[in-house]
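A.B. asks: Provided herewith is a single structure, encoded as structure tokens, for subsequent inquiry.
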Amino acid sequence: MKDAAPQTIHLKDYAPPAYLVDEVQLTFRLAPTATRVLSRIRFRPNPEAPSRDFFLHGEALTPIRAAIDGQEVRPEITEAGLTCAVPDAPFTWEAEVEISPRTNTALEGLYMSRGMYCTQCEAEGFRKITWYPDRPDVMAPFTVRIEGDAPVLLSNGNPVGMGEGWAEWHDPWPKPAYLFALVAGDLVARRDSFVTRSGRTVDLALWVRPGDEGKCAWGMEALKASMRWDEDRYGREYDLDVFNIVAVDDFNMGAMENKGLNIFNSAAVLASPETATDANFERIESIIAHEYFHNWTGNRITCRDWFQLCLKEGLTVFRDQEFTSDLRSAAVKRIEDVRMLRARQFPEDQGPLAHPVRPESYQEINNFYTATVYEKGAEVIGMLKRLVGDEGYAKALDLYFARHDGQACTIEDWLTVFEDATGRDLSQFGLWYSQAGTPRVSVEEAFENGTYTLTFEQRTPPTPGQEEKKPLVIPIAVGLLSPNGDEVVPTRVLEMTQARQSFTFEGLASKPVPSILRDFSAPVVLEREVPRAERAFLMAHDTDPFNRWEAARSLARESLIATIREGAAPDADWLDGLAAMLRDDTLDPAFRAQVLALPTQSELAQVLADRGHTPDPDAIHGAVEGLRDAMARHLADLAPHLYESMRVTGPYAPDAEQSGKRALGNAMLALISRRDDGALAARQYAEADNMTLALAALSCLLRVGRGSAELAAFHERWKDDRLVMDKWFALQVMEAKPESAAETAARLTEHPAFDWKNPNRFRAVLGALAGHHAGFHRADGAGYALLADWLIRLDPVNPQTAARMMTAFQTWRRYDAGRQAHAKAALERIAAKPGLSRDGAEMVGRMLG
Ligand code: PHE
Ligand code: ZN
């Protein structure tokens, strides 16, 4: 670990690379602790560069030799890379280094996962493989030769030859080093093929460990659907002869879009009905799509530097969201995405880790693969599309691909494309990329002589390093309903550009009921005191499904807040409205299930904090439990009937229709279990032939304090299946009582199957604790202390995964003085760890402020 003062990298310091690369040839001689990497790189001076300083990144490499144009050289090597005197003309660099994949526990660079070699190079992992200008604006075609005794040897691009103990690959598409990949191991393939719209046949393969063959079908279907969709919706065709996907057990993130060789966390690709839930299937479908879509938005057009990360990530998330909307239900997908945005991005944007969608500085780029860059980045594109319209968006995207194919681009390039394609001035809109924080929008209404006026005011609270905020362009989709429930003004997008701004609607017979921010048209917090009756009216009548859901959700939220603040009884109007919606068979079951989901406890804590109250996690937990009991009572007659009618007959399919039914059925089961002591859940568990039904039943049982026999049986049945065992670990923490969640997590860390160096398993236990609001924020600090212990232990082994989980502490200043003191002590203990990684140091530093 480096002890030198951490360096801050600034966007404004960007300079083009001194040398460009025309061609890369790599040879790998694989060996667990002594892999040799030979590189042959053709460099050429960059006419656009301000300097001629030759620098190659390189970390933890054992130098063997280096040569320029065949002449041995002795470069000056530091911890970060090397410098060397080079010709001011094209030349060939050759080097040989030794690396040790077996001891690489950080899972970055070339590492081993249960005997299999694999790589992870984004963002800056290639420098742990060989010396190279490891920056995304250096793009080159790669040829790779792999020598090793593993039966399967894979790299990017097309295969050009193979024999006993070797294989060669060539990727003709110039790419940055972060998209390099290599895999070697004892793998089996599920194969298929895809004919592109111009008639080329692409060989598809999903590579897994022997034994996992039965978990590949869904991923393959999702891949083919993604390839078709990108042709149909974006006109984007695949560009190599093969497309390979590999499932890896040890992986820091979900998956990686390496050119022609996507590498997936096995949890993000492997699924069978018995082992994966409907939610897993949907997530796999969207991640497969996401990585595939990167082929155009990320790979063919990449980022100039890492500050531009949202250029590929925001756009690719937006595209995978569109894909899921098209394949499943657009309304349900929008609700899911907003729930996730509020659960993950809003806390980030409102706390010490707030940063713009395009950050302006960082110490460790790995810390910026955030909900802000990804999810808010996608929201910004959604707003852009709403503002320029579908046609304008399509024109702009065509221009983007035509103008920038093969380039490493910036957000300015992206916005210019929209300006050129649509003639719009986007300078104010561009603030969404540079200004952090979640805007608050308040609303006033007036009605006079048939004219209805909405006046909005926007305000973005200060964020670290950004005190003053400017007004943003906010598209506010509004529809108006008449008091009898008819829509009198269909959805119209109001373009707010000023701090305070009015919009009028004329010729109305009576004062309408406004439906504001339909489809969640902007990532803002709407601050409006709405009478309960109006919310109940929108819950029953809004024609915009998102806002109908939102009305129900906000009634539930206000009911919970009233319980927490004043001990108020649950809102009877909401319960009645809920029953009416549940009974409405014209509503999609998946949508009805979404209406039943209560705001998260962390969200409630944020609402309380926003209103100037100190959230008490135990009181919040109690209120939520109380409301669930009230729902169970209120819906007691309806629930068994609905449960029965949601039964799926016929073979399991993880499609929208079946999974919607199971979601609603399981929601009914959860309510019924509160009153029958888990009898129905025990039956569902015993009869379940798929994981969705089994897991839901098991959690109901645990929640009512039963289920130890089932838990043991589950363990017995699945002990050899790592992905299912992750569920077994996580569920016990998730369903623990607040007062025992930390002890449950601590006990599970002693279990022989708790392999803490595996990120999935670590997250299953400690991530579940961090997600257990009342359990993590326990008054005596036990939750904070346990997580801190484990983060301190994980940091030197896997700094990336440890640093990501430190975000659990980001809301610590919301709570009371006692909890704050415990959280601060935990953070300070992490900060004081000698040799703390750059990743960890930056995270705790920002959170301590
Ligand atoms: N680029 C990957 C994705 O969004 C995420 C990732 C980042 C994976 C860094 C690994 C390391 O699809
Ligand atoms: Zn991505």
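For the structure tokens, the naming scheme is as follows: chains receive sequential letters (A, B, ...) according to their order of presentation, residues are indexed from 1 within each chain, and ligands are indexed from 1 in presentation order.
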I'd like the contact shell of range 233-243 of chain A - 7 Å cut-off, only C-alpha atoms, skipping same-chain residues fewer than 6 positions apart - returned as a list in words.
C.D. replies: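 The residues that qualify are Gly157, Asn158, Thr196, Val202, Asp203, Leu204, Ala205, Gly260 and Leu261 of chain A.
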A.B. asks: Can you tell me which residues surround Glu348 in chain A at a distance of at most 12 Å, considering only C-alpha atoms, apart from same-chain residues fewer than 5 positions away, and format the answer as a PDB file with N, CA and C atoms, in the first residue's frame?
C.D. replies:
ATOM      1  N   LEU A 341     -33.720   4.532  -7.355  1.00  0.00           N
ATOM      2  CA  LEU A 341     -33.088   5.858  -7.347  1.00  0.00           C
ATOM      3  C   LEU A 341     -33.225   6.489  -5.961  1.00  0.00           C
ATOM      4  N   ARG A 342     -34.409   6.433  -5.418  1.00  0.00           N
ATOM      5  CA  ARG A 342     -34.642   7.038  -4.101  1.00  0.00           C
ATOM      6  C   ARG A 342     -33.911   6.283  -2.999  1.00  0.00           C
ATOM      7  N   ALA A 343     -33.789   4.986  -3.165  1.00  0.00           N
ATOM      8  CA  ALA A 343     -33.135   4.206  -2.114  1.00  0.00           C
ATOM      9  C   ALA A 343     -31.622   4.370  -2.161  1.00  0.00           C
ATOM     10  N   LEU A 353     -21.240  12.249   0.487  1.00  0.00           N
ATOM     11  CA  LEU A 353     -20.640  11.678  -0.731  1.00  0.00           C
ATOM     12  C   LEU A 353     -21.221  12.288  -2.006  1.00  0.00           C
ATOM     13  N   ALA A 354     -22.051  13.305  -1.876  1.00  0.00           N
ATOM     14  CA  ALA A 354     -22.676  13.914  -3.059  1.00  0.00           C
ATOM     15  C   ALA A 354     -21.609  14.380  -4.047  1.00  0.00           C
ATOM     16  N   HIS A 355     -21.848  14.118  -5.318  1.00  0.00           N
ATOM     17  CA  HIS A 355     -20.936  14.561  -6.377  1.00  0.00           C
ATOM     18  C   HIS A 355     -21.745  14.727  -7.653  1.00  0.00           C
ATOM     19  N   PRO A 356     -21.269  15.528  -8.582  1.00  0.00           N
ATOM     20  CA  PRO A 356     -22.002  15.689  -9.831  1.00  0.00           C
ATOM     21  C   PRO A 356     -22.005  14.397 -10.646  1.00  0.00           C
ATOM     22  N   VAL A 357     -22.966  14.298 -11.560  1.00  0.00           N
ATOM     23  CA  VAL A 357     -23.021  13.155 -12.478  1.00  0.00           C
ATOM     24  C   VAL A 357     -21.683  13.033 -13.212  1.00  0.00           C
ATOM     25  N   PHE A 368     -16.115   6.037  -7.802  1.00  0.00           N
ATOM     26  CA  PHE A 368     -17.112   6.838  -8.519  1.00  0.00           C
ATOM     27  C   PHE A 368     -18.001   6.013  -9.444  1.00  0.00           C
ATOM     28  N   THR A 370     -20.928   4.993  -9.067  1.00  0.00           N
ATOM     29  CA  THR A 370     -21.951   5.282  -8.068  1.00  0.00           C
ATOM     30  C   THR A 370     -23.345   5.327  -8.663  1.00  0.00           C
ATOM     31  N   ALA A 371     -24.306   5.367  -7.765  1.00  0.00           N
ATOM     32  CA  ALA A 371     -25.697   5.528  -8.197  1.00  0.00           C
ATOM     33  C   ALA A 371     -25.882   6.875  -8.888  1.00  0.00           C
ATOM     34  N   THR A 372     -25.091   7.859  -8.519  1.00  0.00           N
ATOM     35  CA  THR A 372     -25.209   9.169  -9.169  1.00  0.00           C
ATOM     36  C   THR A 372     -24.754   9.087 -10.624  1.00  0.00           C
ATOM     37  N   VAL A 373     -23.570   8.493 -10.842  1.00  0.00           N
ATOM     38  CA  VAL A 373     -23.070   8.392 -12.212  1.00  0.00           C
ATOM     39  C   VAL A 373     -23.982   7.485 -13.048  1.00  0.00           C
ATOM     40  N   GLU A 375     -27.312   5.862 -12.169  1.00  0.00           N
ATOM     41  CA  GLU A 375     -28.780   6.031 -12.182  1.00  0.00           C
ATOM     42  C   GLU A 375     -29.198   7.485 -12.416  1.00  0.00           C
ATOM     43  N   LYS A 376     -28.535   8.417 -11.748  1.00  0.00           N
ATOM     44  CA  LYS A 376     -28.896   9.803 -12.053  1.00  0.00           C
ATOM     45  C   LYS A 376     -28.430  10.131 -13.476  1.00  0.00           C
ATOM     46  N   ALA A 436     -24.155  19.049  -8.317  1.00  0.00           N
ATOM     47  CA  ALA A 436     -24.597  17.910  -7.490  1.00  0.00           C
ATOM     48  C   ALA A 436     -25.822  18.298  -6.683  1.00  0.00           C
ATOM     49  N   GLY A 437     -26.447  17.312  -6.091  1.00  0.00           N
ATOM     50  CA  GLY A 437     -27.563  17.560  -5.176  1.00  0.00           C
ATOM     51  C   GLY A 437     -28.910  17.308  -5.826  1.00  0.00           C
ATOM     52  N   THR A 438     -29.861  16.953  -4.993  1.00  0.00           N
ATOM     53  CA  THR A 438     -31.216  16.688  -5.473  1.00  0.00           C
ATOM     54  C   THR A 438     -32.050  17.959  -5.345  1.00  0.00           C
ATOM     55  N   THR A 463     -24.073  21.132  -1.506  1.00  0.00           N
ATOM     56  CA  THR A 463     -23.415  19.825  -1.372  1.00  0.00           C
ATOM     57  C   THR A 463     -21.929  20.092  -1.145  1.00  0.00           C
ATOM     58  N   PRO A 464     -21.174  19.099  -0.707  1.00  0.00           N
ATOM     59  CA  PRO A 464     -19.756  19.350  -0.400  1.00  0.00           C
ATOM     60  C   PRO A 464     -19.038  20.019  -1.581  1.00  0.00           C
ATOM     61  N   GLN A 606     -34.964   9.776   6.136  1.00  0.00           N
ATOM     62  CA  GLN A 606     -34.589  10.977   5.385  1.00  0.00           C
ATOM     63  C   GLN A 606     -35.719  12.008   5.403  1.00  0.00           C
ATOM     64  N   THR A 807     -20.091   2.992   2.191  1.00  0.00           N
ATOM     65  CA  THR A 807     -21.188   3.937   1.950  1.00  0.00           C
ATOM     66  C   THR A 807     -22.359   3.698   2.908  1.00  0.00           C
ATOM     67  N   ALA A 808     -22.380   2.544   3.563  1.00  0.00           N
ATOM     68  CA  ALA A 808     -23.430   2.288   4.562  1.00  0.00           C
ATOM     69  C   ALA A 808     -23.452   3.392   5.622  1.00  0.00           C
ATOM     70  N   PHE A 809     -22.294   4.030   5.811  1.00  0.00           N
ATOM     71  CA  PHE A 809     -22.200   5.060   6.856  1.00  0.00           C
ATOM     72  C   PHE A 809     -22.588   6.452   6.355  1.00  0.00           C
ATOM     73  N   GLN A 810     -22.929   6.576   5.079  1.00  0.00           N
ATOM     74  CA  GLN A 810     -23.046   7.928   4.526  1.00  0.00           C
ATOM     75  C   GLN A 810     -24.140   8.783   5.170  1.00  0.00           C
ATOM     76  N   THR A 811     -25.125   8.146   5.791  1.00  0.00           N
ATOM     77  CA  THR A 811     -26.222   8.924   6.379  1.00  0.00           C
ATOM     78  C   THR A 811     -26.022   9.180   7.872  1.00  0.00           C
ATOM     79  N   TRP A 812     -24.811   8.931   8.375  1.00  0.00           N
ATOM     80  CA  TRP A 812     -24.641   8.900   9.833  1.00  0.00           C
ATOM     81  C   TRP A 812     -25.024  10.194  10.541  1.00  0.00           C
ATOM     82  N   ARG A 846     -14.145  11.545   3.104  1.00  0.00           N
ATOM     83  CA  ARG A 846     -15.299  12.344   2.665  1.00  0.00           C
ATOM     84  C   ARG A 846     -16.440  12.253   3.674  1.00  0.00           C
ATOM     85  N   MET A 847     -16.615  11.097   4.265  1.00  0.00           N
ATOM     86  CA  MET A 847     -17.750  10.962   5.182  1.00  0.00           C
ATOM     87  C   MET A 847     -17.506  11.654   6.513  1.00  0.00           C
TER      88      MET A 847
END
A.B. asks: Residues of range 328-540 of chain A classed as alpha helix (DSSP H) by DSSP on the backbone are to be reported as a ChimeraX atom specification.
C.D. replies: /A:330-340,346-349,371,377-404,411-422,431-434,532-540
A.B. asks: Any chance you can output those residues with C-alpha atoms as a CSV table (one decimal), in the first residue's frame?
C.D. replies:
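The resulting file, out.csv, is shown below:
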chain,number,residue,atom,x,y,z
A,330,ALA,CA,-43.1,0.2,-18.7
A,331,ALA,CA,-45.1,1.4,-15.7
A,332,VAL,CA,-43.7,-1.3,-13.4
A,333,LYS,CA,-40.2,-0.7,-14.6
A,334,ARG,CA,-40.5,3.0,-14.0
A,335,ILE,CA,-41.7,2.4,-10.5
A,336,GLU,CA,-38.8,0.0,-9.8
A,337,ASP,CA,-36.3,2.4,-11.2
A,338,VAL,CA,-37.6,5.3,-9.1
A,339,ARG,CA,-37.7,3.1,-6.0
A,340,MET,CA,-34.0,2.2,-6.6
A,346,PHE,CA,-31.0,10.3,-3.2
A,347,PRO,CA,-29.1,9.4,0.0
A,348,GLU,CA,-25.8,9.8,-1.9
A,349,ASP,CA,-26.9,13.2,-3.4
A,371,ALA,CA,-25.7,5.5,-8.2
A,377,GLY,CA,-26.8,9.7,-15.3
A,378,ALA,CA,-29.7,7.7,-16.8
A,379,GLU,CA,-32.3,10.1,-15.4
A,380,VAL,CA,-30.5,13.0,-17.1
A,381,ILE,CA,-30.7,11.3,-20.4
A,382,GLY,CA,-34.4,10.5,-19.8
A,383,MET,CA,-35.0,14.3,-19.2
A,384,LEU,CA,-33.1,15.1,-22.4
A,385,LYS,CA,-35.2,12.7,-24.3
A,386,ARG,CA,-38.4,14.2,-22.8
A,387,LEU,CA,-37.2,17.7,-23.8
A,388,VAL,CA,-36.2,17.0,-27.4
A,389,GLY,CA,-38.9,14.4,-28.0
A,390,ASP,CA,-38.6,10.9,-29.4
A,391,GLU,CA,-37.8,12.0,-32.9
A,392,GLY,CA,-35.1,14.5,-31.7
A,393,TYR,CA,-33.6,11.8,-29.5
A,394,ALA,CA,-33.5,9.3,-32.4
A,395,LYS,CA,-31.8,11.9,-34.7
A,396,ALA,CA,-29.3,12.9,-32.0
A,397,LEU,CA,-28.3,9.3,-31.3
A,398,ASP,CA,-27.9,8.6,-35.0
A,399,LEU,CA,-25.6,11.6,-35.2
A,400,TYR,CA,-23.7,10.5,-32.1
A,401,PHE,CA,-22.9,7.1,-33.6
A,402,ALA,CA,-22.1,8.5,-37.0
A,403,ARG,CA,-19.9,11.3,-35.7
A,404,HIS,CA,-18.1,9.6,-32.9
A,411,ILE,CA,-20.1,15.1,-22.2
A,412,GLU,CA,-19.6,18.2,-24.3
A,413,ASP,CA,-19.4,16.0,-27.4
A,414,TRP,CA,-22.6,14.3,-26.3
A,415,LEU,CA,-24.5,17.6,-25.7
A,416,THR,CA,-23.2,19.1,-28.9
A,417,VAL,CA,-24.7,16.2,-30.9
A,418,PHE,CA,-28.1,17.0,-29.3
A,419,GLU,CA,-27.7,20.7,-30.1
A,420,ASP,CA,-26.7,20.0,-33.7
A,421,ALA,CA,-29.5,17.5,-34.2
A,422,THR,CA,-32.3,19.5,-32.7
A,431,LEU,CA,-25.7,21.9,-15.4
A,432,TRP,CA,-27.3,18.6,-14.6
A,433,TYR,CA,-23.8,17.1,-15.3
A,434,SER,CA,-21.9,19.6,-13.1
A,532,ARG,CA,-55.0,13.6,2.0
A,533,ALA,CA,-58.2,13.6,0.1
A,534,GLU,CA,-56.5,14.8,-3.0
A,535,ARG,CA,-53.9,12.0,-2.7
A,536,ALA,CA,-56.6,9.5,-2.2
A,537,PHE,CA,-58.4,10.9,-5.3
A,538,LEU,CA,-55.2,10.5,-7.4
A,539,MET,CA,-54.6,7.0,-6.0
A,540,ALA,CA,-58.0,6.1,-7.4
A.B. asks: Would you mind listing what lies within 12 Å of Phe55 in chain A as a ChimeraX atom specification, with only C-alpha atoms counted and same-chain residues fewer than 3 positions away left out?
C.D. replies: /A:17-20,43,51-52,58,75-78,80-86,127,131-135
A.B. asks: Give me, as a PDB file with all heavy atoms, in the first residue's frame, the set of residues whose atoms come within 6 Å of any atom of ligand 1, counting only C-alpha atoms and all ligand atoms.
C.D. replies:
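The result, written out as out_16.pdb:
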ATOM      1  N   GLU A 122     -11.293  -2.551 -15.974  1.00  0.00           N
ATOM      2  CA  GLU A 122     -11.871  -1.246 -15.687  1.00  0.00           C
ATOM      3  C   GLU A 122     -11.800  -1.014 -14.176  1.00  0.00           C
ATOM      4  O   GLU A 122     -12.104  -1.927 -13.418  1.00  0.00           O
ATOM      5  CB  GLU A 122     -13.333  -1.170 -16.135  1.00  0.00           C
ATOM      6  CG  GLU A 122     -13.875   0.250 -16.021  1.00  0.00           C
ATOM      7  CD  GLU A 122     -15.333   0.385 -16.478  1.00  0.00           C
ATOM      8  OE1 GLU A 122     -15.987  -0.622 -16.806  1.00  0.00           O
ATOM      9  OE2 GLU A 122     -15.791   1.528 -16.495  1.00  0.00           O
ATOM     10  N   ALA A 123     -11.468   0.194 -13.761  1.00  0.00           N
ATOM     11  CA  ALA A 123     -11.049   1.303 -14.580  1.00  0.00           C
ATOM     12  C   ALA A 123      -9.547   1.252 -14.890  1.00  0.00           C
ATOM     13  O   ALA A 123      -9.118   1.513 -16.016  1.00  0.00           O
ATOM     14  CB  ALA A 123     -11.394   2.606 -13.874  1.00  0.00           C
ATOM     15  N   MET A 253     -18.020  -6.493  -9.049  1.00  0.00           N
ATOM     16  CA  MET A 253     -19.218  -5.785  -9.481  1.00  0.00           C
ATOM     17  C   MET A 253     -20.212  -6.784 -10.065  1.00  0.00           C
ATOM     18  O   MET A 253     -20.101  -7.976  -9.839  1.00  0.00           O
ATOM     19  CB  MET A 253     -18.843  -4.738 -10.532  1.00  0.00           C
ATOM     20  CG  MET A 253     -17.703  -3.831 -10.141  1.00  0.00           C
ATOM     21  SD  MET A 253     -18.243  -2.480  -9.088  1.00  0.00           S
ATOM     22  CE  MET A 253     -18.802  -1.336 -10.325  1.00  0.00           C
ATOM     23  N   ALA A 255     -20.990  -7.052 -13.611  1.00  0.00           N
ATOM     24  CA  ALA A 255     -20.460  -7.612 -14.844  1.00  0.00           C
ATOM     25  C   ALA A 255     -19.625  -6.563 -15.551  1.00  0.00           C
ATOM     26  O   ALA A 255     -19.633  -5.395 -15.174  1.00  0.00           O
ATOM     27  CB  ALA A 255     -21.599  -8.058 -15.756  1.00  0.00           C
ATOM     28  N   MET A 256     -18.915  -7.009 -16.608  1.00  0.00           N
ATOM     29  CA  MET A 256     -18.009  -6.107 -17.316  1.00  0.00           C
ATOM     30  C   MET A 256     -18.083  -6.334 -18.822  1.00  0.00           C
ATOM     31  O   MET A 256     -18.059  -7.469 -19.295  1.00  0.00           O
ATOM     32  CB  MET A 256     -16.581  -6.347 -16.785  1.00  0.00           C
ATOM     33  CG  MET A 256     -15.541  -5.487 -17.457  1.00  0.00           C
ATOM     34  SD  MET A 256     -15.845  -3.720 -17.136  1.00  0.00           S
ATOM     35  CE  MET A 256     -15.149  -3.027 -18.628  1.00  0.00           C
ATOM     36  N   GLU A 257     -18.134  -5.203 -19.529  1.00  0.00           N
ATOM     37  CA  GLU A 257     -18.420  -5.212 -20.972  1.00  0.00           C
ATOM     38  C   GLU A 257     -17.214  -5.413 -21.881  1.00  0.00           C
ATOM     39  O   GLU A 257     -17.236  -4.968 -23.027  1.00  0.00           O
ATOM     40  CB  GLU A 257     -19.094  -3.884 -21.328  1.00  0.00           C
ATOM     41  CG  GLU A 257     -18.184  -2.626 -21.265  1.00  0.00           C
ATOM     42  CD  GLU A 257     -18.262  -1.843 -19.959  1.00  0.00           C
ATOM     43  OE1 GLU A 257     -18.651  -2.450 -18.932  1.00  0.00           O
ATOM     44  OE2 GLU A 257     -17.930  -0.649 -19.944  1.00  0.00           O
ATOM     45  N   GLU A 291     -24.580  -4.946 -20.520  1.00  0.00           N
ATOM     46  CA  GLU A 291     -23.209  -5.200 -21.003  1.00  0.00           C
ATOM     47  C   GLU A 291     -23.188  -5.307 -22.517  1.00  0.00           C
ATOM     48  O   GLU A 291     -22.271  -4.815 -23.167  1.00  0.00           O
ATOM     49  CB  GLU A 291     -22.621  -6.467 -20.369  1.00  0.00           C
ATOM     50  CG  GLU A 291     -22.665  -6.520 -18.841  1.00  0.00           C
ATOM     51  CD  GLU A 291     -22.145  -5.278 -18.146  1.00  0.00           C
ATOM     52  OE1 GLU A 291     -21.296  -4.579 -18.719  1.00  0.00           O
ATOM     53  OE2 GLU A 291     -22.611  -4.991 -17.024  1.00  0.00           O
ATOM     54  N   GLU A 313     -21.983   5.092 -18.955  1.00  0.00           N
ATOM     55  CA  GLU A 313     -22.820   4.395 -17.976  1.00  0.00           C
ATOM     56  C   GLU A 313     -24.244   4.949 -17.908  1.00  0.00           C
ATOM     57  O   GLU A 313     -25.206   4.192 -17.892  1.00  0.00           O
ATOM     58  CB  GLU A 313     -22.153   4.392 -16.598  1.00  0.00           C
ATOM     59  CG  GLU A 313     -20.842   3.601 -16.538  1.00  0.00           C
ATOM     60  CD  GLU A 313     -20.979   2.144 -16.991  1.00  0.00           C
ATOM     61  OE1 GLU A 313     -22.114   1.638 -17.119  1.00  0.00           O
ATOM     62  OE2 GLU A 313     -19.931   1.506 -17.216  1.00  0.00           O
TER      63      GLU A 313
END
A.B. asks: In terms of the shortest atom-to-atom distance over only C-alpha atoms and all ligand atoms, which of A:Trp169, A:Trp296, A:Phe54, A:Trp229 is closest to ligand 2?
C.D. replies: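 When distances to ligand 2 are compared using only C-alpha atoms and all ligand atoms, the smallest one comes from A:Trp296.
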A.B. asks: Neighbours of Val97 in chain A within 8 Å (only C-alpha atoms; same-chain residues fewer than 3 positions away dropped), as an MDAnalysis selection string?
C.D. replies: chainID A and resid 36:38 61:65 130
A.B. asks: Using only C-alpha atoms and all ligand atoms, can you tell me which of A:Phe142, A:Phe126, A:Tyr374, A:Phe323 comes closest to ligand 2?
C.D. replies: A:Tyr374
A.B. asks: Could you give me the residues within range 35-278 of chain A that DSSP places in strand (DSSP E), as an MDAnalysis selection string?
C.D. replies: chainID A and resid 35:45 55:57 62:68 71:72 76:77 81:83 91:99 109:113 116:120 140:147 152:155 158:163 166:175 182:185 188:195 201:208 242:248 255:256 261:265
